[in-house]
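Okay, upload.cif now, which holds mmCIF, C-alpha atoms:
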```cif
data_run
loop_
_atom_site.label_atom_id
_atom_site.label_comp_id
_atom_site.auth_asym_id
_atom_site.auth_seq_id
_atom_site.Cartn_x
_atom_site.Cartn_y
_atom_site.Cartn_z
CA MET A 1 44.51 39.56 20.65
CA GLY A 2 40.80 39.42 21.46
CA LEU A 3 40.05 40.70 17.99
CA PHE A 4 42.13 37.93 16.44
CA ARG A 5 40.53 35.30 18.69
CA ASN A 6 37.09 36.45 17.60
CA PHE A 7 38.20 36.43 13.97
CA TYR A 8 39.52 32.87 14.18
CA ARG A 9 36.46 31.77 16.12
CA LEU A 10 34.28 33.18 13.34
CA ILE A 11 36.34 31.36 10.69
CA PHE A 12 36.18 28.09 12.64
CA THR A 13 32.41 28.44 13.11
CA SER A 14 31.97 29.16 9.41
CA VAL A 15 33.95 26.05 8.48
CA LEU A 16 31.80 23.93 10.78
CA LEU A 17 28.61 25.35 9.30
CA PHE A 18 29.93 24.82 5.77
CA SER A 19 30.90 21.23 6.58
CA SER A 20 27.50 20.63 8.15
CA ALA A 21 25.76 21.99 5.07
CA LEU A 22 27.68 19.55 2.90
CA SER A 23 27.20 16.52 5.12
CA PHE A 24 24.92 13.66 4.12
CA ASP A 25 21.63 13.35 6.02
CA ILE A 26 20.19 9.84 5.95
CA SER A 27 16.86 11.09 7.33
CA CYS A 28 16.10 13.08 4.17
CA ASN A 29 13.63 11.75 1.61
CA SER A 30 15.44 13.34 -1.34
CA ASN A 31 18.77 11.53 -1.50
CA VAL A 32 20.16 10.15 -4.75
CA ALA A 33 22.45 7.12 -4.88
CA VAL A 34 24.28 6.08 -8.05
CA TYR A 35 26.44 3.05 -8.80
CA TRP A 36 29.78 3.86 -10.40
CA GLY A 37 32.55 1.60 -11.64
CA GLN A 38 31.25 -0.78 -14.29
CA ASN A 39 31.17 1.61 -17.25
CA SER A 40 28.01 -0.07 -18.52
CA ALA A 41 27.17 2.69 -21.01
CA ALA A 42 30.18 1.61 -23.07
CA SER A 43 28.06 -1.35 -24.19
CA GLY A 44 25.68 1.19 -25.72
CA ALA A 45 28.47 2.93 -27.66
CA LEU A 46 28.28 5.89 -25.29
CA PRO A 47 31.24 7.73 -23.74
CA TYR A 48 33.20 5.78 -21.14
CA GLN A 49 32.69 6.55 -17.48
CA LYS A 50 34.93 9.26 -16.09
CA PRO A 51 37.14 9.03 -13.01
CA LEU A 52 35.21 9.22 -9.77
CA ARG A 53 36.06 12.82 -8.91
CA ALA A 54 34.55 14.05 -12.18
CA TYR A 55 31.07 13.48 -10.72
CA CYS A 56 31.62 14.86 -7.25
CA ASP A 57 31.23 18.57 -7.96
CA ASP A 58 27.62 17.84 -8.90
CA ASP A 59 25.19 18.22 -6.00
CA SER A 60 22.71 15.87 -7.68
CA VAL A 61 24.36 12.77 -6.23
CA ASP A 62 24.56 12.11 -2.48
CA ILE A 63 25.78 8.50 -2.36
CA ILE A 64 28.28 6.87 -4.70
CA LEU A 65 28.50 3.09 -4.74
CA LEU A 66 31.85 1.76 -5.98
CA SER A 67 31.07 -1.37 -7.96
CA PHE A 68 32.37 -3.95 -7.44
CA LEU A 69 34.31 -6.06 -5.05
CA TYR A 70 33.09 -9.17 -6.84
CA ILE A 71 35.26 -12.06 -5.60
CA LEU A 72 35.39 -12.42 -1.84
CA LYS A 73 38.37 -14.78 -1.73
CA SER A 74 41.02 -15.36 -4.37
CA ASP A 75 44.82 -15.68 -4.53
CA GLY A 76 46.47 -15.30 -1.14
CA GLY A 77 43.03 -15.32 0.49
CA TYR A 78 42.35 -11.73 -0.64
CA PRO A 79 39.31 -10.32 -2.48
CA VAL A 80 39.23 -9.05 -6.07
CA LEU A 81 38.02 -5.64 -7.28
CA ASN A 82 36.92 -4.51 -10.72
CA PHE A 83 36.28 -0.91 -11.82
CA ALA A 84 36.31 -1.41 -15.61
CA ASN A 85 38.19 1.29 -17.51
CA ILE A 86 39.31 3.07 -14.30
CA CYS A 87 41.10 0.28 -12.44
CA ASP A 88 41.24 -3.22 -13.94
CA TYR A 89 44.58 -4.99 -14.24
CA THR A 90 43.11 -7.58 -16.64
CA LYS A 91 42.56 -4.82 -19.22
CA ASN A 92 45.44 -2.54 -18.29
CA ALA A 93 48.77 -4.13 -17.40
CA SER A 94 50.00 -0.90 -15.80
CA VAL A 95 47.54 -1.27 -12.91
CA PRO A 96 49.56 -2.60 -9.94
CA VAL A 97 48.51 -5.71 -8.05
CA PHE A 98 49.64 -6.54 -4.52
CA PRO A 99 52.15 -9.44 -4.44
CA GLY A 100 50.67 -12.92 -4.30
CA THR A 101 47.11 -11.63 -4.81
CA GLN A 102 44.72 -10.37 -7.46
CA LEU A 103 43.94 -7.33 -5.29
CA MET A 104 44.56 -4.14 -7.24
CA HIS A 105 46.21 -1.01 -5.90
CA CYS A 106 43.95 1.81 -7.15
CA SER A 107 45.77 4.85 -5.76
CA ASP A 108 44.04 7.41 -7.97
CA MET A 109 40.69 6.17 -6.73
CA GLY A 110 41.85 6.69 -3.16
CA THR A 111 42.60 10.34 -3.92
CA ASP A 112 39.23 10.70 -5.63
CA ILE A 113 37.36 9.08 -2.73
CA LYS A 114 38.75 11.68 -0.33
CA TYR A 115 37.91 14.47 -2.78
CA CYS A 116 34.31 13.24 -3.05
CA GLN A 117 33.95 12.89 0.71
CA ASN A 118 35.16 16.46 1.12
CA LYS A 119 32.33 17.44 -1.22
CA GLY A 120 29.85 15.84 1.17
CA LYS A 121 29.38 12.56 -0.70
CA VAL A 122 29.00 9.21 1.03
CA VAL A 123 31.23 6.68 -0.74
CA LEU A 124 30.35 3.02 -0.25
CA LEU A 125 32.05 -0.10 -1.60
CA SER A 126 29.50 -2.37 -3.24
CA ILE A 127 30.15 -6.08 -2.76
CA GLY A 128 28.66 -8.57 -5.18
CA GLY A 129 27.12 -7.94 -8.58
CA ALA A 130 25.63 -10.32 -11.11
CA THR A 131 28.84 -12.33 -11.61
CA ALA A 132 30.06 -12.35 -8.00
CA GLN A 133 31.83 -15.23 -6.29
CA LEU A 134 30.55 -15.08 -2.72
CA ASN A 135 33.05 -17.59 -1.43
CA SER A 136 34.52 -16.49 1.89
CA ASP A 137 33.51 -16.83 5.53
CA ALA A 138 31.98 -14.02 7.55
CA ALA A 139 34.70 -13.71 10.20
CA THR A 140 37.62 -13.56 7.77
CA PHE A 141 35.94 -11.36 5.21
CA SER A 142 34.55 -8.79 7.66
CA GLN A 143 38.01 -8.40 9.20
CA GLN A 144 39.53 -7.98 5.73
CA VAL A 145 37.02 -5.32 4.71
CA TRP A 146 37.73 -3.39 7.90
CA ASP A 147 41.49 -3.71 7.45
CA LEU A 148 41.70 -3.08 3.71
CA PHE A 149 39.16 -0.28 3.29
CA MET A 150 38.32 1.22 6.66
CA GLU A 151 40.15 1.86 9.92
CA GLY A 152 41.94 -1.45 10.29
CA SER A 153 45.56 -2.05 9.37
CA SER A 154 46.98 -3.90 6.38
CA PRO A 155 50.05 -3.59 4.14
CA TYR A 156 47.61 -3.99 1.27
CA ARG A 157 45.37 -0.95 1.05
CA PRO A 158 43.73 -0.66 -2.40
CA PHE A 159 42.79 2.99 -1.81
CA ASP A 160 45.81 3.85 0.36
CA ASP A 161 44.78 5.97 3.35
CA ALA A 162 41.29 6.70 2.02
CA ILE A 163 38.56 5.30 4.27
CA ILE A 164 35.26 4.38 2.66
CA ASP A 165 31.99 5.22 4.42
CA GLY A 166 30.68 1.67 4.50
CA VAL A 167 29.64 -1.24 2.33
CA ASP A 168 26.72 -2.17 0.12
CA LEU A 169 25.58 -5.76 -0.39
CA ASP A 170 24.41 -6.47 -3.93
CA PHE A 171 24.04 -10.24 -3.63
CA GLU A 172 22.11 -11.52 -6.63
CA GLN A 173 22.74 -15.22 -6.02
CA THR A 174 23.01 -17.56 -3.08
CA SER A 175 25.96 -16.69 -0.88
CA GLN A 176 28.38 -19.23 0.53
CA MET A 177 29.11 -16.68 3.24
CA ASP A 178 26.76 -16.04 6.14
CA ILE A 179 25.75 -12.50 5.18
CA ILE A 180 23.81 -11.93 8.39
CA GLN A 181 26.91 -12.70 10.45
CA PHE A 182 29.04 -10.57 8.12
CA THR A 183 26.67 -7.63 8.58
CA ASN A 184 26.59 -8.05 12.34
CA ASN A 185 30.39 -8.16 12.38
CA MET A 186 30.65 -4.96 10.35
CA ASN A 187 28.19 -3.19 12.61
CA GLN A 188 30.32 -4.20 15.59
CA PHE A 189 33.40 -2.73 13.91
CA TYR A 190 31.45 0.46 13.24
CA LYS A 191 30.67 0.83 16.93
CA THR A 192 34.37 1.04 17.76
CA SER A 193 34.78 4.22 15.70
CA ASN A 194 33.79 7.85 16.01
CA ARG A 195 33.19 7.96 12.26
CA LYS A 196 29.74 7.43 10.82
CA TYR A 197 29.59 4.26 8.74
CA TYR A 198 26.72 2.74 6.77
CA ILE A 199 25.77 -0.70 5.58
CA THR A 200 23.27 -0.97 2.76
CA ALA A 201 21.71 -3.66 0.59
CA ALA A 202 20.37 -3.81 -2.96
CA PRO A 203 17.45 -6.27 -3.03
CA GLN A 204 15.44 -6.96 -6.13
CA CYS A 205 11.87 -5.71 -6.07
CA PRO A 206 9.86 -8.93 -5.49
CA TYR A 207 9.14 -8.91 -1.76
CA PRO A 208 10.74 -10.54 0.12
CA ASP A 209 13.91 -10.71 -1.94
CA ALA A 210 15.16 -14.26 -2.40
CA ASN A 211 18.80 -13.50 -1.54
CA LEU A 212 18.59 -10.55 0.85
CA GLY A 213 15.16 -10.92 2.45
CA LYS A 214 16.38 -12.66 5.61
CA LEU A 215 19.28 -10.22 5.91
CA LEU A 216 16.88 -7.26 5.99
CA GLN A 217 14.74 -9.01 8.58
CA GLN A 218 17.56 -10.11 10.88
CA ALA A 219 20.44 -7.60 10.62
CA HIS A 220 20.70 -3.82 10.85
CA ILE A 221 20.76 -2.32 7.35
CA ASP A 222 20.68 1.47 7.01
CA MET A 223 19.33 1.79 3.48
CA ALA A 224 17.82 -0.56 0.91
CA PHE A 225 18.46 0.32 -2.74
CA ILE A 226 15.59 -1.67 -4.24
CA GLN A 227 16.09 -2.73 -7.86
CA PHE A 228 12.77 -1.99 -9.54
CA TYR A 229 14.17 -3.32 -12.80
CA ASN A 230 15.10 -6.64 -14.42
CA SER A 231 12.33 -8.34 -12.44
CA GLY A 232 9.26 -8.11 -14.68
CA TRP A 233 6.01 -7.50 -12.84
CA CYS A 234 7.34 -5.10 -10.18
CA ASP A 235 9.55 -2.97 -12.45
CA ASN A 236 9.24 0.80 -12.73
CA SER A 237 7.76 0.30 -16.19
CA LYS A 238 4.67 -1.16 -14.47
CA TYR A 239 4.21 1.91 -12.25
CA GLY A 240 0.72 3.40 -12.54
CA LEU A 241 -1.00 0.27 -13.82
CA PRO A 242 -4.21 -0.33 -11.89
CA HIS A 243 -3.99 -3.86 -10.54
CA TRP A 244 -1.42 -5.92 -8.65
CA PRO A 245 0.56 -7.98 -9.57
CA GLU A 246 0.79 -6.06 -12.84
CA SER A 247 2.06 -2.93 -11.11
CA MET A 248 5.26 -1.72 -9.47
CA ASN A 249 5.15 -2.80 -5.81
CA TYR A 250 6.75 -0.15 -3.59
CA TYR A 251 3.65 -0.36 -1.41
CA MET A 252 4.60 -3.91 -0.36
CA TRP A 253 7.97 -2.69 0.89
CA ASP A 254 6.30 0.19 2.70
CA GLU A 255 3.85 -2.14 4.41
CA ALA A 256 6.76 -4.33 5.55
CA TRP A 257 8.38 -1.16 6.96
CA HIS A 258 5.24 -0.26 8.91
CA ASN A 259 4.79 -3.85 10.08
CA ASN A 260 8.27 -3.82 11.65
CA SER A 261 9.47 -6.53 9.28
CA PHE A 262 12.98 -5.06 9.09
CA ALA A 263 15.61 -5.38 11.81
CA ASN A 264 16.25 -1.64 11.53
CA PRO A 265 12.84 -0.02 12.11
CA ASN A 266 14.04 3.20 10.50
CA ILE A 267 15.63 1.75 7.37
CA LYS A 268 15.28 4.05 4.37
CA LEU A 269 13.92 2.56 1.14
CA TYR A 270 15.16 3.84 -2.23
CA VAL A 271 13.52 3.39 -5.61
CA GLY A 272 16.10 1.98 -8.01
CA ALA A 273 15.98 2.49 -11.77
CA MET A 274 17.99 1.80 -14.87
CA ALA A 275 19.48 5.08 -16.09
CA GLY A 276 19.56 3.97 -19.73
CA THR A 277 17.88 1.52 -22.08
CA GLY A 278 20.97 -0.65 -22.24
CA ALA A 279 21.63 -0.68 -18.50
CA GLY A 280 19.55 -3.84 -18.11
CA ASN A 281 16.37 -5.34 -19.54
CA PRO A 282 15.06 -2.69 -21.96
CA GLY A 283 11.51 -3.55 -20.92
CA SER A 284 12.29 -2.31 -17.40
CA TYR A 285 13.46 1.12 -18.51
CA VAL A 286 11.53 4.34 -17.93
CA GLY A 287 12.77 7.73 -19.10
CA PRO A 288 14.00 10.54 -16.84
CA ASP A 289 10.70 12.43 -16.84
CA PHE A 290 8.59 9.33 -16.11
CA PHE A 291 10.93 8.39 -13.27
CA ALA A 292 10.84 11.93 -11.85
CA LYS A 293 7.03 11.86 -11.76
CA GLU A 294 7.07 8.42 -10.14
CA LEU A 295 9.52 9.59 -7.47
CA LYS A 296 7.49 12.67 -6.59
CA GLU A 297 4.32 10.62 -6.17
CA LEU A 298 5.98 7.91 -4.07
CA GLN A 299 7.77 10.51 -1.96
CA ALA A 300 4.43 12.17 -1.17
CA THR A 301 2.52 8.94 -0.59
CA TYR A 302 5.06 7.13 1.60
CA PRO A 303 6.73 9.87 3.69
CA ASP A 304 8.05 7.57 6.42
CA SER A 305 9.89 4.82 4.56
CA PHE A 306 10.92 6.68 1.42
CA GLY A 307 14.59 7.71 1.21
CA GLY A 308 15.12 8.73 -2.40
CA ALA A 309 16.31 7.35 -5.71
CA MET A 310 18.97 4.86 -6.78
CA MET A 311 20.17 4.33 -10.33
CA TRP A 312 22.35 2.01 -12.34
CA ASP A 313 24.70 3.42 -13.34
CA MET A 314 26.69 6.67 -13.44
CA SER A 315 27.83 6.27 -17.05
CA TRP A 316 24.25 5.96 -18.32
CA ALA A 317 22.88 8.64 -16.00
CA TYR A 318 25.31 11.28 -17.24
CA ALA A 319 24.89 10.29 -20.88
CA ALA A 320 21.12 10.79 -20.69
CA THR A 321 19.25 13.90 -21.83
CA PRO A 322 18.13 15.26 -19.48
CA ASN A 323 20.73 14.01 -17.02
CA PHE A 324 19.02 11.13 -15.21
CA ALA A 325 20.51 11.94 -11.79
CA THR A 326 19.95 15.69 -12.00
CA ASN A 327 16.37 15.24 -13.16
CA ALA A 328 15.62 12.89 -10.27
CA LYS A 329 17.25 15.18 -7.72
CA GLN A 330 15.31 18.21 -8.89
CA ALA A 331 12.04 16.29 -8.65
CA LEU A 332 12.81 15.08 -5.14
CA MET A 333 13.97 18.44 -3.83
CA ALA A 334 10.53 19.93 -4.48
CA GLY A 335 9.14 17.73 -1.70
CA SER A 336 12.30 17.32 0.36
CA LYS A 337 11.97 16.79 4.09
CA CYS A 338 14.52 15.68 6.65
CA GLY A 339 14.11 14.25 10.11
CA ASN A 340 10.96 12.48 11.22
CA THR A 341 9.21 13.22 7.94
CA GLY A 342 5.94 11.46 8.65
CA GLY A 343 5.76 11.89 12.40
CA SER A 344 5.31 8.15 12.88
CA TYR A 345 8.72 6.52 13.17
CA TYR A 346 8.00 5.09 16.60
CA SER A 347 4.63 5.52 18.25
CA ASN A 348 2.17 5.80 15.36
CA ARG A 349 3.51 3.49 12.72
CA GLY A 350 0.41 1.34 12.52
CA ASP A 351 -1.74 4.43 12.04
CA ALA A 352 0.58 5.67 9.30
CA ALA A 353 0.29 2.33 7.52
CA SER A 354 -3.49 2.65 7.57
CA VAL A 355 -3.27 6.17 6.15
CA ASN A 356 -1.03 4.96 3.33
CA ARG A 357 -3.43 2.10 2.54
CA ARG A 358 -6.27 4.62 2.33
CA ARG A 359 -4.18 6.77 -0.01
CA ARG A 360 -3.55 3.83 -2.31
CA SER A 361 -7.19 2.83 -2.44
CA SER A 362 -8.48 6.34 -3.15
#
```
Could the structure of this file be written out as structure tokens, please?
Amino acid sequence: MGLFRNFYRLIFTSVLLFSSALSFDISCNSNVAVYWGQNSAASGALPYQKPLRAYCDDDSVDIILLSFLYILKSDGGYPVLNFANICDYTKNASVPVFPGTQLMHCSDMGTDIKYCQNKGKVVLLSIGGATAQLNSDAATFSQQVWDLFMEGSSPYRPFDDAIIDGVDLDFEQTSQMDIIQFTNNMNQFYKTSNRKYYITAAPQCPYPDANLGKLLQQAHIDMAFIQFYNSGWCDNSKYGLPHWPESMNYYMWDEAWHNNSFANPNIKLYVGAMAGTGAGNPGSYVGPDFFAKELKELQATYPDSFGGAMMWDMSWAYAATPNFATNAKQALMAGSKCGNTGGSYYSNRGDAASVNRRRRSS
């Protein structure tokens, strides 16, 4: 019996180690986040996006952002989802909708979410987008998000028993909802659980962002997926130019980090890019190799605030040659560090800011 106990203990320990190896580590500076759901490459006559699980055997991607929940309140008081060719009842009449609502029942996505989580991916639901209707109130909507997608209870569960790992706020216009209160409410829900949840935001690169700047300053956000595209002077395409404001401005975000301008002093900042020429303003686009070089240099220069790369979107990234996500991941892994990467999260942050300023001026 002792032999069998030791055998099972060994198996159990191995499973724990395997699970730990797969688990997401927010402290790393080499994470890659990719938006999935809007099939944007189809506008460039490229292959349609694949179902979610098709991307989850690839270790290049750590965070998948399901885009989008784009109407906060519609028929019956429920939100509306859209996942293009994968789950969209307006394009495919066979997609079920819960009675009295426009809320879709995307069962296959629920199965895929669990598959991806078992592969170590963090799966977040992105709320907003360029055409969003941000028309609910914080108390109602936060309760709905918890009940519909997390550990709350509702007869209407779009992903069945799948539980997402948190939410992302991609608010690109003025919100009718108090997003600071919404975020605080979600963080309170998170504290009631033993699961690890995240809340992230996707500001545009001008600092401070017009729509999310106050949120980052006043509410706990775990990661910021900064859109260094579609904004002109601070786009990735300006990276390496000698003089501000004609150059990409990650350094402004890093200085805000070191000056304790964010409610979460350890927020991780991600460099966002278009993964294809048609994924946004073509003038903002940089190719996979340019982006990889940019990431490596920023990772080395800003070790404290830097979290990794973000890209829009999965359909473009996997249609690119080389693969945009894989290329970025390989570049980041060469300088990957986890934990207190710069040694200055708490006591020496001012000194680290001075070091980074010296690096930029040299």
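The environment of segment 139-142 of chain A within 9 Å, counting only C-alpha atoms and disregarding residues fewer than 3 places along the same chain, consists of A:Leu72, A:Lys73, A:Tyr78, A:Pro79, A:Ser136, A:Val145, A:Trp146, A:Asp147, A:Met177, A:Gln181, A:Phe182, A:Thr183, A:Asn185, A:Met186, A:Phe189.
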What does the file look like for those residues with C-alpha atoms, as a PDB file, in the coordinates of the input?
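Dumped everything to part20.pdb:
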```pdb
ATOM      1  CA  LEU A  72      35.390 -12.420  -1.840  1.00  0.00           C
ATOM      2  CA  LYS A  73      38.370 -14.780  -1.730  1.00  0.00           C
ATOM      3  CA  TYR A  78      42.350 -11.730  -0.640  1.00  0.00           C
ATOM      4  CA  PRO A  79      39.310 -10.320  -2.480  1.00  0.00           C
ATOM      5  CA  SER A 136      34.520 -16.490   1.890  1.00  0.00           C
ATOM      6  CA  VAL A 145      37.020  -5.320   4.710  1.00  0.00           C
ATOM      7  CA  TRP A 146      37.730  -3.390   7.900  1.00  0.00           C
ATOM      8  CA  ASP A 147      41.490  -3.710   7.450  1.00  0.00           C
ATOM      9  CA  MET A 177      29.110 -16.680   3.240  1.00  0.00           C
ATOM     10  CA  GLN A 181      26.910 -12.700  10.450  1.00  0.00           C
ATOM     11  CA  PHE A 182      29.040 -10.570   8.120  1.00  0.00           C
ATOM     12  CA  THR A 183      26.670  -7.630   8.580  1.00  0.00           C
ATOM     13  CA  ASN A 185      30.390  -8.160  12.380  1.00  0.00           C
ATOM     14  CA  MET A 186      30.650  -4.960  10.350  1.00  0.00           C
ATOM     15  CA  PHE A 189      33.400  -2.730  13.910  1.00  0.00           C
TER      16      PHE A 189
END
```
Near Leu103 of chain A, within 8 Å and counting all atoms listed in the file, which residues show up once chain neighbours fewer than 2 positions away are dropped, as a PDB file with C-alpha atoms, in the frame of the given file?
```pdb
ATOM      1  CA  TYR A  78      42.350 -11.730  -0.640  1.00  0.00           C
ATOM      2  CA  PRO A  79      39.310 -10.320  -2.480  1.00  0.00           C
ATOM      3  CA  VAL A  80      39.230  -9.050  -6.070  1.00  0.00           C
ATOM      4  CA  LEU A  81      38.020  -5.640  -7.280  1.00  0.00           C
ATOM      5  CA  VAL A  97      48.510  -5.710  -8.050  1.00  0.00           C
ATOM      6  CA  PHE A  98      49.640  -6.540  -4.520  1.00  0.00           C
ATOM      7  CA  THR A 101      47.110 -11.630  -4.810  1.00  0.00           C
ATOM      8  CA  HIS A 105      46.210  -1.010  -5.900  1.00  0.00           C
ATOM      9  CA  PRO A 158      43.730  -0.660  -2.400  1.00  0.00           C
TER      10      PRO A 158
END
```
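Between Cys28 of chain A and the residues A:Asp313, A:Asp304, A:Asp235, A:Glu297, the shortest atom-to-atom distance, using all atoms listed in the file, involves A:Asp304.
What separates atom CA of Ser154 of chain A from atom CA of Asn118 of chain A is a distance of 24.1 Å.
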For this session: Name the closest residue to Met314 of chain A among the candidates A:Met274, A:Ile221, A:Leu169, A:Lys337; distances are taken between atoms, counting all atoms listed in the file.
Result: A:Met274
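Put simply, the PyMOL selection byres ((chain A and resi 254-265) around 6) in this file takes in Leu216, Gln217, Gln218, Ala219, His220, Tyr251, Met252, Trp253, Asn266, Ile267, Arg349 and Ala353 of chain A.
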Exercise. Near Asp25 of chain A, within 12 Å and counting only C-alpha atoms, which residues show up once chain neighbours fewer than 2 positions away are dropped, as an MDAnalysis selection string?
Worked result: chainID A and resid 20:23 27:32 62:63 120:122 196 198 222 268 307:308 336:340
How about saving the chosen residues, C-alpha atoms kept, as a PDB file, in the frame of the given file?
```pdb
ATOM      1  CA  SER A  20      27.500  20.630   8.150  1.00  0.00           C
ATOM      2  CA  ALA A  21      25.760  21.990   5.070  1.00  0.00           C
ATOM      3  CA  LEU A  22      27.680  19.550   2.900  1.00  0.00           C
ATOM      4  CA  SER A  23      27.200  16.520   5.120  1.00  0.00           C
ATOM      5  CA  SER A  27      16.860  11.090   7.330  1.00  0.00           C
ATOM      6  CA  CYS A  28      16.100  13.080   4.170  1.00  0.00           C
ATOM      7  CA  ASN A  29      13.630  11.750   1.610  1.00  0.00           C
ATOM      8  CA  SER A  30      15.440  13.340  -1.340  1.00  0.00           C
ATOM      9  CA  ASN A  31      18.770  11.530  -1.500  1.00  0.00           C
ATOM     10  CA  VAL A  32      20.160  10.150  -4.750  1.00  0.00           C
ATOM     11  CA  ASP A  62      24.560  12.110  -2.480  1.00  0.00           C
ATOM     12  CA  ILE A  63      25.780   8.500  -2.360  1.00  0.00           C
ATOM     13  CA  GLY A 120      29.850  15.840   1.170  1.00  0.00           C
ATOM     14  CA  LYS A 121      29.380  12.560  -0.700  1.00  0.00           C
ATOM     15  CA  VAL A 122      29.000   9.210   1.030  1.00  0.00           C
ATOM     16  CA  LYS A 196      29.740   7.430  10.820  1.00  0.00           C
ATOM     17  CA  TYR A 198      26.720   2.740   6.770  1.00  0.00           C
ATOM     18  CA  ASP A 222      20.680   1.470   7.010  1.00  0.00           C
ATOM     19  CA  LYS A 268      15.280   4.050   4.370  1.00  0.00           C
ATOM     20  CA  GLY A 307      14.590   7.710   1.210  1.00  0.00           C
ATOM     21  CA  GLY A 308      15.120   8.730  -2.400  1.00  0.00           C
ATOM     22  CA  SER A 336      12.300  17.320   0.360  1.00  0.00           C
ATOM     23  CA  LYS A 337      11.970  16.790   4.090  1.00  0.00           C
ATOM     24  CA  CYS A 338      14.520  15.680   6.650  1.00  0.00           C
ATOM     25  CA  GLY A 339      14.110  14.250  10.110  1.00  0.00           C
ATOM     26  CA  ASN A 340      10.960  12.480  11.220  1.00  0.00           C
TER      27      ASN A 340
END
```
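Note that the spacing between atom CA of Ala325 of chain A and atom CA of Asn211 of chain A amounts to 27.5 Å.
The coordinates place atom CA of Glu172 of chain A at 28.1 Å from atom CA of Asp112 of chain A.
Ranking A:Asn323, A:Gly335, A:Gly283, A:Tyr229 by their shortest atom-to-atom distance to Gln299 of chain A, with all atoms listed in the file included, puts A:Gly335 first.
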Exercise. When the PyMOL selection byres ((chain A and resi 159) around 8) is applied to the file above, which residues end up in the set, as a PyMOL selection string?
Worked result: chain A and resi 105-111+149+157-158+160-163
Could the residues in this selection be written to a file with C-alpha atoms, as a short mmCIF file (atom, residue, chain, number, x, y, z; two decimals), in the coordinates of the input?
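Result file is result-v4.cif:
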```cif
data_model
loop_
_atom_site.label_atom_id
_atom_site.label_comp_id
_atom_site.auth_asym_id
_atom_site.auth_seq_id
_atom_site.Cartn_x
_atom_site.Cartn_y
_atom_site.Cartn_z
CA HIS A 105 46.21 -1.01 -5.90
CA CYS A 106 43.95 1.81 -7.15
CA SER A 107 45.77 4.85 -5.76
CA ASP A 108 44.04 7.41 -7.97
CA MET A 109 40.69 6.17 -6.73
CA GLY A 110 41.85 6.69 -3.16
CA THR A 111 42.60 10.34 -3.92
CA PHE A 149 39.16 -0.28 3.29
CA ARG A 157 45.37 -0.95 1.05
CA PRO A 158 43.73 -0.66 -2.40
CA ASP A 160 45.81 3.85 0.36
CA ASP A 161 44.78 5.97 3.35
CA ALA A 162 41.29 6.70 2.02
CA ILE A 163 38.56 5.30 4.27
#
```
Seminar exercise, completed: Residue with the minimum atom-to-atom distance to Met223 of chain A, picked from A:Ala320, A:Ile26, A:Leu124, A:Ala54 with all atoms listed in the file counted, is A:Ile26
Exercise. Quick one: which residues end up in the PyMOL selection byres ((chain A and resi 70) around 6) for this structure, as a ChimeraX atom specification?
Worked result: /A:68-69,71,127-128,132
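For the choices A:Ala42, A:Met104, A:Cys205, A:Ala273, the atom-to-atom distance to Trp233 of chain A is smallest for A:Cys205 when using all atoms listed in the file.
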Exercise. Which polymer residues, protein or nucleic acid, are no farther than 9 Å from (24.4, -17.0, -7.9), counting only C-alpha atoms, as a PyMOL selection string?
Worked result: chain A and resi 130-134+171-175
